[in-house]
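As stored in query_0.pdb (PDB, C-alpha atoms and all ligand atoms):
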```pdb
MODEL        1
ATOM      1  CA  MET O1448      27.629 -19.667 -39.862
ATOM      2  CA  ARG O1449      27.483 -19.656 -43.657
ATOM      3  CA  GLN O1450      26.800 -16.260 -45.223
ATOM      4  CA  PRO O1451      23.950 -16.629 -47.734
ATOM      5  CA  LEU O1452      25.014 -16.222 -51.366
ATOM      6  CA  VAL O1453      22.823 -15.184 -54.271
ATOM      7  CA  VAL O1454      24.295 -15.504 -57.766
ATOM      8  CA  GLY O1455      22.674 -14.238 -60.950
ATOM      9  CA  ASN O1456      23.340 -16.186 -64.140
ATOM     10  CA  TRP O1457      22.566 -13.999 -67.124
ATOM     11  CA  LYS O1458      23.422 -16.842 -69.533
ATOM     12  CA  MET O1459      23.859 -15.526 -73.121
ATOM     13  CA  ASN O1460      21.934 -12.291 -72.583
ATOM     14  CA  GLY O1461      22.966  -8.672 -72.418
ATOM     15  CA  SER O1462      24.712  -5.789 -74.137
ATOM     16  CA  ARG O1463      27.064  -3.034 -72.934
ATOM     17  CA  LYS O1464      24.066  -0.872 -72.078
ATOM     18  CA  LEU O1465      22.136  -3.613 -70.280
ATOM     19  CA  THR O1466      25.258  -4.564 -68.304
ATOM     20  CA  VAL O1467      25.758  -1.052 -66.948
ATOM     21  CA  ASP O1468      22.056  -0.289 -66.409
ATOM     22  CA  LEU O1469      21.189  -3.584 -64.733
ATOM     23  CA  LEU O1470      24.278  -3.647 -62.509
ATOM     24  CA  ASP O1471      23.642  -0.030 -61.465
ATOM     25  CA  SER O1472      20.026  -0.849 -60.585
ATOM     26  CA  ILE O1473      20.997  -3.986 -58.670
ATOM     27  CA  SER O1474      23.818  -2.339 -56.745
ATOM     28  CA  ASN O1475      21.560   0.599 -55.821
ATOM     29  CA  GLY O1476      18.986  -1.847 -54.469
ATOM     30  CA  ILE O1477      21.483  -3.819 -52.430
ATOM     31  CA  ASP O1478      22.343  -1.660 -49.465
ATOM     32  CA  ALA O1479      24.737  -2.274 -46.616
ATOM     33  CA  LYS O1480      21.968  -3.889 -44.549
ATOM     34  CA  ILE O1481      21.699  -6.860 -46.872
ATOM     35  CA  ALA O1482      22.918 -10.039 -45.164
ATOM     36  CA  SER O1483      23.741 -12.010 -48.283
ATOM     37  CA  GLU O1484      26.721 -11.892 -50.580
ATOM     38  CA  VAL O1485      25.625 -11.096 -54.138
ATOM     39  CA  ALA O1486      27.368 -11.948 -57.409
ATOM     40  CA  VAL O1487      26.370 -11.777 -61.055
ATOM     41  CA  CYS O1488      27.824 -14.154 -63.682
ATOM     42  CA  ILE O1489      27.757 -12.538 -67.099
ATOM     43  CA  PRO O1490      29.048 -13.083 -70.641
ATOM     44  CA  ASN O1491      32.857 -12.820 -70.785
ATOM     45  CA  VAL O1492      32.910  -9.898 -73.212
ATOM     46  CA  PHE O1493      31.221  -7.647 -70.629
ATOM     47  CA  ILE O1494      33.217  -8.682 -67.541
ATOM     48  CA  SER O1495      35.754  -5.826 -67.706
ATOM     49  CA  LEU O1496      32.970  -3.287 -68.131
ATOM     50  CA  ALA O1497      31.050  -4.942 -65.294
ATOM     51  CA  THR O1498      33.909  -4.990 -62.807
ATOM     52  CA  GLU O1499      34.452  -1.258 -63.469
ATOM     53  CA  THR O1500      30.722  -0.613 -63.034
ATOM     54  CA  VAL O1501      30.521  -2.357 -59.633
ATOM     55  CA  ARG O1502      33.911  -1.225 -58.334
ATOM     56  CA  SER O1503      32.683   0.696 -55.278
ATOM     57  CA  THR O1504      29.622  -1.459 -54.566
ATOM     58  CA  ASN O1505      28.886  -4.716 -52.713
ATOM     59  CA  LEU O1506      28.393  -6.607 -55.962
ATOM     60  CA  THR O1507      30.989  -8.934 -57.477
ATOM     61  CA  ILE O1508      31.237 -10.396 -60.965
ATOM     62  CA  GLY O1509      31.677 -13.912 -62.259
ATOM     63  CA  ALA O1510      31.933 -15.876 -65.516
ATOM     64  CA  GLN O1511      29.834 -18.808 -66.729
ATOM     65  CA  THR O1512      32.570 -21.239 -67.802
ATOM     66  CA  VAL O1513      36.361 -21.367 -68.071
ATOM     67  CA  SER O1514      38.977 -23.403 -69.877
ATOM     68  CA  GLU O1515      40.621 -26.248 -68.012
ATOM     69  CA  PHE O1516      43.947 -25.238 -69.570
ATOM     70  CA  GLU O1517      46.318 -22.490 -68.483
ATOM     71  CA  ALA O1518      47.383 -21.140 -71.910
ATOM     72  CA  GLY O1519      48.228 -22.191 -75.435
ATOM     73  CA  ALA O1520      46.654 -23.431 -78.639
ATOM     74  CA  TYR O1521      42.994 -23.606 -77.525
ATOM     75  CA  THR O1522      41.276 -21.310 -80.035
ATOM     76  CA  GLY O1523      38.294 -19.526 -78.563
ATOM     77  CA  GLU O1524      38.961 -20.462 -74.946
ATOM     78  CA  ILE O1525      39.459 -18.182 -71.929
ATOM     79  CA  SER O1526      41.723 -19.202 -69.045
ATOM     80  CA  ALA O1527      41.144 -18.751 -65.329
ATOM     81  CA  SER O1528      44.174 -16.470 -65.032
ATOM     82  CA  MET O1529      42.688 -14.210 -67.758
ATOM     83  CA  LEU O1530      39.453 -14.002 -65.776
ATOM     84  CA  GLU O1531      41.380 -13.244 -62.598
ATOM     85  CA  ASP O1532      43.279 -10.516 -64.449
ATOM     86  CA  ILE O1533      40.014  -8.645 -65.092
ATOM     87  CA  ASP O1534      38.816  -8.976 -61.459
ATOM     88  CA  CYS O1535      36.400 -11.823 -62.090
ATOM     89  CA  ARG O1536      35.767 -13.476 -58.697
ATOM     90  CA  TRP O1537      33.531 -16.447 -59.522
ATOM     91  CA  VAL O1538      32.949 -18.946 -62.291
ATOM     92  CA  ILE O1539      29.990 -21.269 -62.816
ATOM     93  CA  ILE O1540      31.289 -24.723 -63.763
ATOM     94  CA  GLY O1541      29.222 -27.671 -64.978
ATOM     95  CA  HIS O1542      25.941 -25.870 -65.532
ATOM     96  CA  SER O1543      23.530 -28.419 -67.018
ATOM     97  CA  GLU O1544      23.399 -26.393 -70.256
ATOM     98  CA  ARG O1545      27.189 -26.798 -70.608
ATOM     99  CA  ARG O1546      26.987 -30.487 -69.741
ATOM    100  CA  ALA O1547      24.138 -31.130 -72.212
ATOM    101  CA  LEU O1548      24.848 -28.744 -75.111
ATOM    102  CA  TYR O1549      28.664 -28.778 -75.060
ATOM    103  CA  ASN O1550      29.229 -32.326 -73.823
ATOM    104  CA  GLU O1551      31.264 -31.206 -70.818
ATOM    105  CA  THR O1552      32.251 -34.311 -68.910
ATOM    106  CA  ASN O1553      32.851 -34.734 -65.198
ATOM    107  CA  GLU O1554      36.562 -35.241 -65.932
ATOM    108  CA  ALA O1555      36.912 -31.920 -67.790
ATOM    109  CA  LEU O1556      34.760 -30.134 -65.203
ATOM    110  CA  VAL O1557      36.996 -31.212 -62.350
ATOM    111  CA  LEU O1558      40.010 -29.807 -64.238
ATOM    112  CA  LYS O1559      38.095 -26.526 -64.699
ATOM    113  CA  VAL O1560      37.449 -26.388 -60.941
ATOM    114  CA  LEU O1561      41.161 -26.889 -60.278
ATOM    115  CA  ALA O1562      42.102 -24.214 -62.845
ATOM    116  CA  ALA O1563      39.739 -21.722 -61.192
ATOM    117  CA  GLN O1564      40.938 -22.490 -57.663
ATOM    118  CA  GLN O1565      44.574 -22.211 -58.729
ATOM    119  CA  SER O1566      43.848 -18.687 -60.013
ATOM    120  CA  GLY O1567      42.012 -17.683 -56.848
ATOM    121  CA  ILE O1568      38.580 -17.703 -58.497
ATOM    122  CA  THR O1569      35.732 -19.419 -56.639
ATOM    123  CA  PRO O1570      34.113 -22.176 -58.716
ATOM    124  CA  ILE O1571      30.350 -22.621 -58.421
ATOM    125  CA  PHE O1572      30.072 -26.304 -59.309
ATOM    126  CA  CYS O1573      26.603 -27.289 -60.546
ATOM    127  CA  VAL O1574      24.949 -30.655 -60.171
ATOM    128  CA  GLY O1575      21.417 -31.787 -60.949
ATOM    129  CA  GLU O1576      19.338 -34.639 -62.256
ATOM    130  CA  SER O1577      17.338 -34.724 -65.503
ATOM    131  CA  GLU O1578      13.568 -34.994 -65.580
ATOM    132  CA  THR O1579      13.780 -38.698 -66.468
ATOM    133  CA  ASP O1580      16.183 -39.368 -63.597
ATOM    134  CA  TYR O1581      13.863 -37.479 -61.260
ATOM    135  CA  LYS O1582      10.764 -39.343 -62.388
ATOM    136  CA  GLU O1583      12.490 -42.715 -62.234
ATOM    137  CA  GLY O1584      13.840 -42.144 -58.730
ATOM    138  CA  ARG O1585      17.536 -41.759 -59.611
ATOM    139  CA  THR O1586      18.067 -38.269 -58.174
ATOM    140  CA  PHE O1587      20.425 -39.275 -55.364
ATOM    141  CA  LYS O1588      22.403 -41.672 -57.552
ATOM    142  CA  VAL O1589      23.019 -38.935 -60.162
ATOM    143  CA  ILE O1590      23.913 -36.314 -57.564
ATOM    144  CA  GLU O1591      26.274 -38.714 -55.850
ATOM    145  CA  SER O1592      28.134 -39.488 -59.062
ATOM    146  CA  GLN O1593      28.473 -35.798 -59.984
ATOM    147  CA  VAL O1594      29.611 -34.716 -56.504
ATOM    148  CA  THR O1595      31.998 -37.607 -55.940
ATOM    149  CA  ALA O1596      33.603 -37.028 -59.372
ATOM    150  CA  LEU O1597      34.639 -33.688 -57.894
ATOM    151  CA  LEU O1598      35.481 -34.760 -54.356
ATOM    152  CA  ASN O1599      37.476 -37.814 -55.383
ATOM    153  CA  ASN O1600      40.125 -35.478 -56.735
ATOM    154  CA  ALA O1601      42.299 -34.768 -53.697
ATOM    155  CA  MET O1602      43.555 -31.505 -55.245
ATOM    156  CA  VAL O1603      40.070 -29.949 -55.135
ATOM    157  CA  SER O1604      39.917 -27.635 -52.132
ATOM    158  CA  LEU O1605      36.766 -27.216 -50.043
ATOM    159  CA  ASP O1606      38.037 -23.838 -48.850
ATOM    160  CA  ASN O1607      37.215 -21.983 -52.016
ATOM    161  CA  LEU O1608      34.208 -23.810 -53.441
ATOM    162  CA  VAL O1609      30.454 -23.336 -53.832
ATOM    163  CA  LEU O1610      28.118 -26.119 -54.914
ATOM    164  CA  ALA O1611      24.843 -25.481 -56.709
ATOM    165  CA  TYR O1612      21.993 -27.964 -56.896
ATOM    166  CA  GLU O1613      19.935 -27.272 -60.007
ATOM    167  CA  PRO O1614      17.404 -29.962 -60.943
ATOM    168  CA  VAL O1615      17.480 -29.819 -64.743
ATOM    169  CA  TRP O1616      13.684 -30.134 -64.948
ATOM    170  CA  ALA O1617      13.315 -26.964 -62.871
ATOM    171  CA  ILE O1618      15.550 -24.719 -65.019
ATOM    172  CA  GLY O1619      13.554 -22.138 -66.940
ATOM    173  CA  THR O1620      10.385 -24.207 -66.642
ATOM    174  CA  GLY O1621       8.601 -22.470 -63.777
ATOM    175  CA  LEU O1622       8.727 -25.781 -61.891
ATOM    176  CA  THR O1623      10.723 -25.914 -58.657
ATOM    177  CA  ALA O1624      11.633 -28.679 -56.284
ATOM    178  CA  THR O1625       9.605 -28.281 -53.098
ATOM    179  CA  PRO O1626      11.662 -26.776 -50.264
ATOM    180  CA  GLU O1627      11.619 -30.193 -48.552
ATOM    181  CA  GLU O1628      12.790 -32.029 -51.694
ATOM    182  CA  ALA O1629      15.570 -29.509 -52.263
ATOM    183  CA  GLN O1630      16.619 -29.623 -48.600
ATOM    184  CA  GLU O1631      16.892 -33.410 -48.770
ATOM    185  CA  VAL O1632      19.284 -33.187 -51.733
ATOM    186  CA  HIS O1633      21.312 -30.366 -50.136
ATOM    187  CA  ALA O1634      21.678 -32.377 -46.900
ATOM    188  CA  PHE O1635      22.740 -35.385 -48.983
ATOM    189  CA  ILE O1636      25.412 -33.266 -50.716
ATOM    190  CA  ARG O1637      26.647 -31.945 -47.359
ATOM    191  CA  ASN O1638      26.985 -35.518 -46.097
ATOM    192  CA  LEU O1639      29.134 -36.326 -49.133
ATOM    193  CA  LEU O1640      31.282 -33.306 -48.252
ATOM    194  CA  ARG O1641      31.598 -34.619 -44.674
ATOM    195  CA  GLU O1642      33.303 -37.728 -46.029
ATOM    196  CA  ARG O1643      36.102 -35.379 -47.141
ATOM    197  CA  SER O1644      36.147 -33.075 -44.109
ATOM    198  CA  VAL O1645      33.691 -32.854 -41.233
ATOM    199  CA  GLU O1646      34.720 -29.296 -40.311
ATOM    200  CA  LEU O1647      34.849 -27.850 -43.822
ATOM    201  CA  ALA O1648      31.588 -29.525 -44.917
ATOM    202  CA  ASP O1649      29.692 -27.134 -42.668
ATOM    203  CA  GLU O1650      31.379 -24.133 -44.253
ATOM    204  CA  VAL O1651      30.777 -24.925 -47.925
ATOM    205  CA  ARG O1652      27.812 -23.056 -49.330
ATOM    206  CA  ILE O1653      25.304 -25.126 -51.286
ATOM    207  CA  ILE O1654      22.929 -22.931 -53.280
ATOM    208  CA  TYR O1655      19.724 -23.904 -55.086
ATOM    209  CA  GLY O1656      18.789 -23.035 -58.669
ATOM    210  CA  GLY O1657      15.775 -23.648 -60.902
ATOM    211  CA  SER O1658      12.933 -21.161 -61.323
ATOM    212  CA  VAL O1659      13.722 -19.264 -58.118
ATOM    213  CA  LYS O1660      11.420 -16.223 -57.928
ATOM    214  CA  PRO O1661      10.606 -13.596 -55.300
ATOM    215  CA  THR O1662       7.512 -15.655 -54.476
ATOM    216  CA  ASN O1663       9.289 -18.943 -53.683
ATOM    217  CA  ALA O1664      12.749 -17.748 -52.564
ATOM    218  CA  GLU O1665      11.970 -17.347 -48.882
ATOM    219  CA  GLU O1666      10.686 -20.880 -48.263
ATOM    220  CA  LEU O1667      13.644 -22.354 -50.148
ATOM    221  CA  PHE O1668      16.224 -20.215 -48.320
ATOM    222  CA  ASP O1669      14.610 -21.069 -44.965
ATOM    223  CA  GLN O1670      15.825 -24.642 -45.286
ATOM    224  CA  GLN O1671      18.807 -25.531 -43.139
ATOM    225  CA  ASP O1672      21.177 -26.598 -45.926
ATOM    226  CA  ILE O1673      20.068 -24.162 -48.633
ATOM    227  CA  ASP O1674      22.547 -21.309 -48.458
ATOM    228  CA  GLY O1675      21.187 -19.101 -51.225
ATOM    229  CA  GLY O1676      20.307 -19.308 -54.884
ATOM    230  CA  LEU O1677      21.577 -19.444 -58.445
ATOM    231  CA  ILE O1678      19.115 -17.326 -60.362
ATOM    232  CA  GLY O1679      18.579 -17.415 -64.127
ATOM    233  CA  GLY O1680      15.587 -15.596 -65.620
ATOM    234  CA  ALA O1681      14.795 -13.523 -62.535
ATOM    235  CA  SER O1682      18.365 -12.145 -62.423
ATOM    236  CA  LEU O1683      17.636 -10.143 -65.601
ATOM    237  CA  ASP O1684      14.940  -8.187 -63.753
ATOM    238  CA  ALA O1685      16.510  -5.834 -61.193
ATOM    239  CA  ASN O1686      13.485  -5.666 -58.890
ATOM    240  CA  ALA O1687      12.948  -9.427 -58.856
ATOM    241  CA  PHE O1688      16.646 -10.089 -58.276
ATOM    242  CA  ILE O1689      16.917  -7.537 -55.471
ATOM    243  CA  SER O1690      13.835  -9.009 -53.828
ATOM    244  CA  ILE O1691      15.394 -12.497 -53.964
ATOM    245  CA  CYS O1692      18.645 -11.138 -52.483
ATOM    246  CA  GLN O1693      16.708  -9.565 -49.625
ATOM    247  CA  LYS O1694      15.093 -12.907 -48.829
ATOM    248  CA  ALA O1695      18.407 -14.755 -48.538
TER     249      ALA O1695
HETATM  250  P1  LIG S   1      16.016 -20.130 -64.098
HETATM  251  O1  LIG S   1      16.094 -19.372 -62.790
HETATM  252  O2  LIG S   1      15.677 -19.277 -65.263
HETATM  253  O3  LIG S   1      15.167 -21.347 -63.949
HETATM  254  O4  LIG S   1      17.493 -20.669 -64.405
HETATM  255  C1  LIG S   1      18.195 -21.307 -63.413
HETATM  256  C2  LIG S   1      19.592 -21.459 -63.855
HETATM  257  O5  LIG S   1      19.881 -22.174 -64.803
HETATM  258  C3  LIG S   1      20.624 -20.696 -63.142
HETATM  259  O6  LIG S   1      21.894 -21.144 -63.449
ENDMDL
END
```
Would you give me this structure, written as structure tokens?
Ligand code: 13P
Amino acid sequence: MRQPLVVGNWKMNGSRKLTVDLLDSISNGIDAKIASEVAVCIPNVFISLATETVRSTNLTIGAQTVSEFEAGAYTGEISASMLEDIDCRWVIIGHSERRALYNETNEALVLKVLAAQQSGITPIFCVGESETDYKEGRTFKVIESQVTALLNNAMVSLDNLVLAYEPVWAIGTGLTATPEEAQEVHAFIRNLLRERSVELADEVRIIYGGSVKPTNAEELFDQQDIDGGLIGGASLDANAFISICQKA
């Protein structure tokens, strides 16, 4: 049985005040009865404040990217061991905004996954096809190349890994893949995982992202291979986010 996982991605939003207020509201709304694991990935500068804020709650905190290097002359970068040092538990790697706006390549992303795993941080590795790829029927080809870039590296562990399927055309657009379309891609990803390990493939959580809202979360999470969500816009609204967590 895979425990559902809901992850908020605040992207480049927030302040000290919003961090404390929003995390307090979310943690108050997520009681012990909730079945899903809940994490919030926030801007690095607020992670220390956030981990203090959620210390005695069920919420955990993550980052949105990490350096592939351990230490040294990489001005502006933050290493996985630094994140671990401030109790960061998760890191989103390969979000389509990082791939598109910062030219992050599959090769660098795989090194980031390894850096996170070596520091005991769980990478949330994102894959997803562009609108053109979707319209021209290349979804599975794109997903396969992104997932196999990761899985072909024998050092990548399936024990401490989450995958996120985020169709790029669904991010922040109000459009979502239908539950059936998303399920088909998630099942395809799980089959790729099976080529590495039949037992572990059933334990890896594959979450869906792209305009997930309280109104569409339930039908998405009902699908067999959709193990939760990666939530952008709706994670900045405590009530909407809590409602999504309750549906997982
Ligand atoms: P939205 O939920 O705003 O579409 O964003 C999804 C996303 O990019 C989460 O990482």
Picked residues, the PyMOL selection byres (((not hetatm)) within 7 of (chain S and resi 1)), as a list in words: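 Applied to this file, the PyMOL selection byres (((not hetatm)) within 7 of (chain S and resi 1)) selects Asn1456, His1542, Glu1613, Ala1617, Ile1618, Gly1619, Thr1620, Gly1621, Gly1656, Gly1657, Ser1658, Val1659, Leu1677, Ile1678, Gly1679, Gly1680 and Ala1681 of chain O.
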Nearest candidate to Thr1498 in chain O (options O:Val1632, O:Ala1527, O:Cys1535, O:Leu1667; using all atoms listed in the file): O:Cys1535
For the interface of range 1504-1573 of chain O with range 1473-1481 of chain O (cut-off 7 Å, counting all atoms listed in the file), please tabulate each contacting residue of range 1504-1573 of chain O alongside its nearest pair of atoms and their separation in Å to one decimal, rows sorted by chain and increasing number, as CSV.
```
residue,atom,partner,partner_atom,distance
O:Thr1504,CA,O:Ser1474,CA,6.3
O:Asn1505,CA,O:Ser1474,CA,6.9
O:Leu1506,CA,O:Ser1474,CA,6.3
```
Spatial neighbours of Glu1591 in chain O, 12 Å, all atoms listed in the file, chain gap at least 2 places, as a list in words: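 Skipping anything fewer than 2 positions along the chain leaves Val1574, Gly1575, Glu1576, Arg1585, Thr1586, Phe1587, Lys1588, Val1589, Gln1593, Val1594, Thr1595, Ala1596, Leu1597, Leu1598, Asn1599, Tyr1612, Val1632, His1633, Ala1634, Phe1635, Ile1636, Arg1637, Asn1638, Leu1639 and Leu1640 of chain O.
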Using all atoms listed in the file: which of O:Val1609, O:Ser1526, O:Pro1661, O:Asp1674 has the shortest distance to Ile1689 in chain O: O:Pro1661
As a PDB file, in the frame of the given file, please: range 1623-1634 of chain O completed to all heavy atoms.
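Final file, rebuild11.pdb:
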```
ATOM      1  N   THR O1623       9.614 -25.868 -59.633  1.00  0.00           N
ATOM      2  CA  THR O1623      10.723 -25.914 -58.657  1.00  0.00           C
ATOM      3  C   THR O1623      10.563 -27.161 -57.812  1.00  0.00           C
ATOM      4  O   THR O1623       9.455 -27.638 -57.598  1.00  0.00           O
ATOM      5  CB  THR O1623      10.702 -24.748 -57.631  1.00  0.00           C
ATOM      6  OG1 THR O1623       9.366 -24.391 -57.380  1.00  0.00           O
ATOM      7  CG2 THR O1623      11.527 -23.595 -58.034  1.00  0.00           C
ATOM      8  N   ALA O1624      11.705 -27.632 -57.299  1.00  0.00           N
ATOM      9  CA  ALA O1624      11.633 -28.679 -56.284  1.00  0.00           C
ATOM     10  C   ALA O1624      10.922 -28.053 -55.083  1.00  0.00           C
ATOM     11  O   ALA O1624      11.035 -26.847 -54.854  1.00  0.00           O
ATOM     12  CB  ALA O1624      13.043 -29.107 -55.903  1.00  0.00           C
ATOM     13  N   THR O1625      10.178 -28.850 -54.324  1.00  0.00           N
ATOM     14  CA  THR O1625       9.605 -28.281 -53.098  1.00  0.00           C
ATOM     15  C   THR O1625      10.765 -27.989 -52.153  1.00  0.00           C
ATOM     16  O   THR O1625      11.838 -28.603 -52.263  1.00  0.00           O
ATOM     17  CB  THR O1625       8.648 -29.277 -52.407  1.00  0.00           C
ATOM     18  OG1 THR O1625       9.419 -30.412 -51.979  1.00  0.00           O
ATOM     19  CG2 THR O1625       7.531 -29.735 -53.339  1.00  0.00           C
ATOM     20  N   PRO O1626      10.576 -27.072 -51.212  1.00  0.00           N
ATOM     21  CA  PRO O1626      11.662 -26.776 -50.264  1.00  0.00           C
ATOM     22  C   PRO O1626      12.155 -28.045 -49.565  1.00  0.00           C
ATOM     23  O   PRO O1626      13.354 -28.224 -49.371  1.00  0.00           O
ATOM     24  CB  PRO O1626      11.008 -25.816 -49.259  1.00  0.00           C
ATOM     25  CG  PRO O1626       9.908 -25.172 -50.040  1.00  0.00           C
ATOM     26  CD  PRO O1626       9.411 -26.206 -50.999  1.00  0.00           C
ATOM     27  N   GLU O1627      11.232 -28.958 -49.253  1.00  0.00           N
ATOM     28  CA  GLU O1627      11.619 -30.193 -48.552  1.00  0.00           C
ATOM     29  C   GLU O1627      12.453 -31.103 -49.468  1.00  0.00           C
ATOM     30  O   GLU O1627      13.452 -31.669 -49.041  1.00  0.00           O
ATOM     31  CB  GLU O1627      10.378 -30.960 -48.064  1.00  0.00           C
ATOM     32  CG  GLU O1627       9.567 -30.226 -46.999  1.00  0.00           C
ATOM     33  CD  GLU O1627       8.755 -29.037 -47.531  1.00  0.00           C
ATOM     34  OE1 GLU O1627       8.435 -29.019 -48.748  1.00  0.00           O
ATOM     35  OE2 GLU O1627       8.467 -28.117 -46.748  1.00  0.00           O
ATOM     36  N   GLU O1628      12.023 -31.206 -50.739  1.00  0.00           N
ATOM     37  CA  GLU O1628      12.790 -32.029 -51.694  1.00  0.00           C
ATOM     38  C   GLU O1628      14.196 -31.460 -51.866  1.00  0.00           C
ATOM     39  O   GLU O1628      15.180 -32.194 -51.881  1.00  0.00           O
ATOM     40  CB  GLU O1628      12.123 -31.982 -53.076  1.00  0.00           C
ATOM     41  CG  GLU O1628      11.056 -33.007 -53.348  1.00  0.00           C
ATOM     42  CD  GLU O1628      10.412 -32.772 -54.731  1.00  0.00           C
ATOM     43  OE1 GLU O1628      10.263 -31.619 -55.192  1.00  0.00           O
ATOM     44  OE2 GLU O1628      10.055 -33.768 -55.346  1.00  0.00           O
ATOM     45  N   ALA O1629      14.262 -30.147 -52.047  1.00  0.00           N
ATOM     46  CA  ALA O1629      15.570 -29.509 -52.263  1.00  0.00           C
ATOM     47  C   ALA O1629      16.439 -29.681 -51.022  1.00  0.00           C
ATOM     48  O   ALA O1629      17.626 -30.032 -51.133  1.00  0.00           O
ATOM     49  CB  ALA O1629      15.384 -28.029 -52.602  1.00  0.00           C
ATOM     50  N   GLN O1630      15.854 -29.469 -49.844  1.00  0.00           N
ATOM     51  CA  GLN O1630      16.619 -29.623 -48.600  1.00  0.00           C
ATOM     52  C   GLN O1630      17.211 -31.030 -48.491  1.00  0.00           C
ATOM     53  O   GLN O1630      18.355 -31.211 -48.083  1.00  0.00           O
ATOM     54  CB  GLN O1630      15.728 -29.295 -47.393  1.00  0.00           C
ATOM     55  CG  GLN O1630      16.232 -29.799 -46.032  1.00  0.00           C
ATOM     56  CD  GLN O1630      17.605 -29.253 -45.630  1.00  0.00           C
ATOM     57  OE1 GLN O1630      18.046 -28.185 -46.100  1.00  0.00           O
ATOM     58  NE2 GLN O1630      18.312 -29.990 -44.771  1.00  0.00           N
ATOM     59  N   GLU O1631      16.415 -32.024 -48.879  1.00  0.00           N
ATOM     60  CA  GLU O1631      16.892 -33.410 -48.770  1.00  0.00           C
ATOM     61  C   GLU O1631      18.141 -33.623 -49.643  1.00  0.00           C
ATOM     62  O   GLU O1631      19.100 -34.260 -49.223  1.00  0.00           O
ATOM     63  CB  GLU O1631      15.767 -34.347 -49.223  1.00  0.00           C
ATOM     64  CG  GLU O1631      15.670 -35.605 -48.394  1.00  0.00           C
ATOM     65  CD  GLU O1631      14.643 -36.580 -48.975  1.00  0.00           C
ATOM     66  OE1 GLU O1631      13.564 -36.119 -49.433  1.00  0.00           O
ATOM     67  OE2 GLU O1631      14.943 -37.771 -48.991  1.00  0.00           O
ATOM     68  N   VAL O1632      18.120 -33.040 -50.848  1.00  0.00           N
ATOM     69  CA  VAL O1632      19.284 -33.187 -51.733  1.00  0.00           C
ATOM     70  C   VAL O1632      20.474 -32.385 -51.178  1.00  0.00           C
ATOM     71  O   VAL O1632      21.618 -32.867 -51.175  1.00  0.00           O
ATOM     72  CB  VAL O1632      18.944 -32.756 -53.179  1.00  0.00           C
ATOM     73  CG1 VAL O1632      20.182 -32.811 -54.066  1.00  0.00           C
ATOM     74  CG2 VAL O1632      17.837 -33.639 -53.754  1.00  0.00           C
ATOM     75  N   HIS O1633      20.211 -31.178 -50.691  1.00  0.00           N
ATOM     76  CA  HIS O1633      21.312 -30.366 -50.136  1.00  0.00           C
ATOM     77  C   HIS O1633      21.959 -31.067 -48.935  1.00  0.00           C
ATOM     78  O   HIS O1633      23.181 -31.078 -48.797  1.00  0.00           O
ATOM     79  CB  HIS O1633      20.794 -28.979 -49.726  1.00  0.00           C
ATOM     80  CG  HIS O1633      20.606 -28.051 -50.886  1.00  0.00           C
ATOM     81  ND1 HIS O1633      21.184 -26.790 -50.951  1.00  0.00           N
ATOM     82  CD2 HIS O1633      19.917 -28.209 -52.039  1.00  0.00           C
ATOM     83  CE1 HIS O1633      20.835 -26.223 -52.102  1.00  0.00           C
ATOM     84  NE2 HIS O1633      20.065 -27.058 -52.769  1.00  0.00           N
ATOM     85  N   ALA O1634      21.132 -31.664 -48.072  1.00  0.00           N
ATOM     86  CA  ALA O1634      21.678 -32.377 -46.900  1.00  0.00           C
ATOM     87  C   ALA O1634      22.495 -33.587 -47.365  1.00  0.00           C
ATOM     88  O   ALA O1634      23.551 -33.892 -46.799  1.00  0.00           O
ATOM     89  CB  ALA O1634      20.544 -32.817 -45.981  1.00  0.00           C
TER      90      ALA O1634
END
```
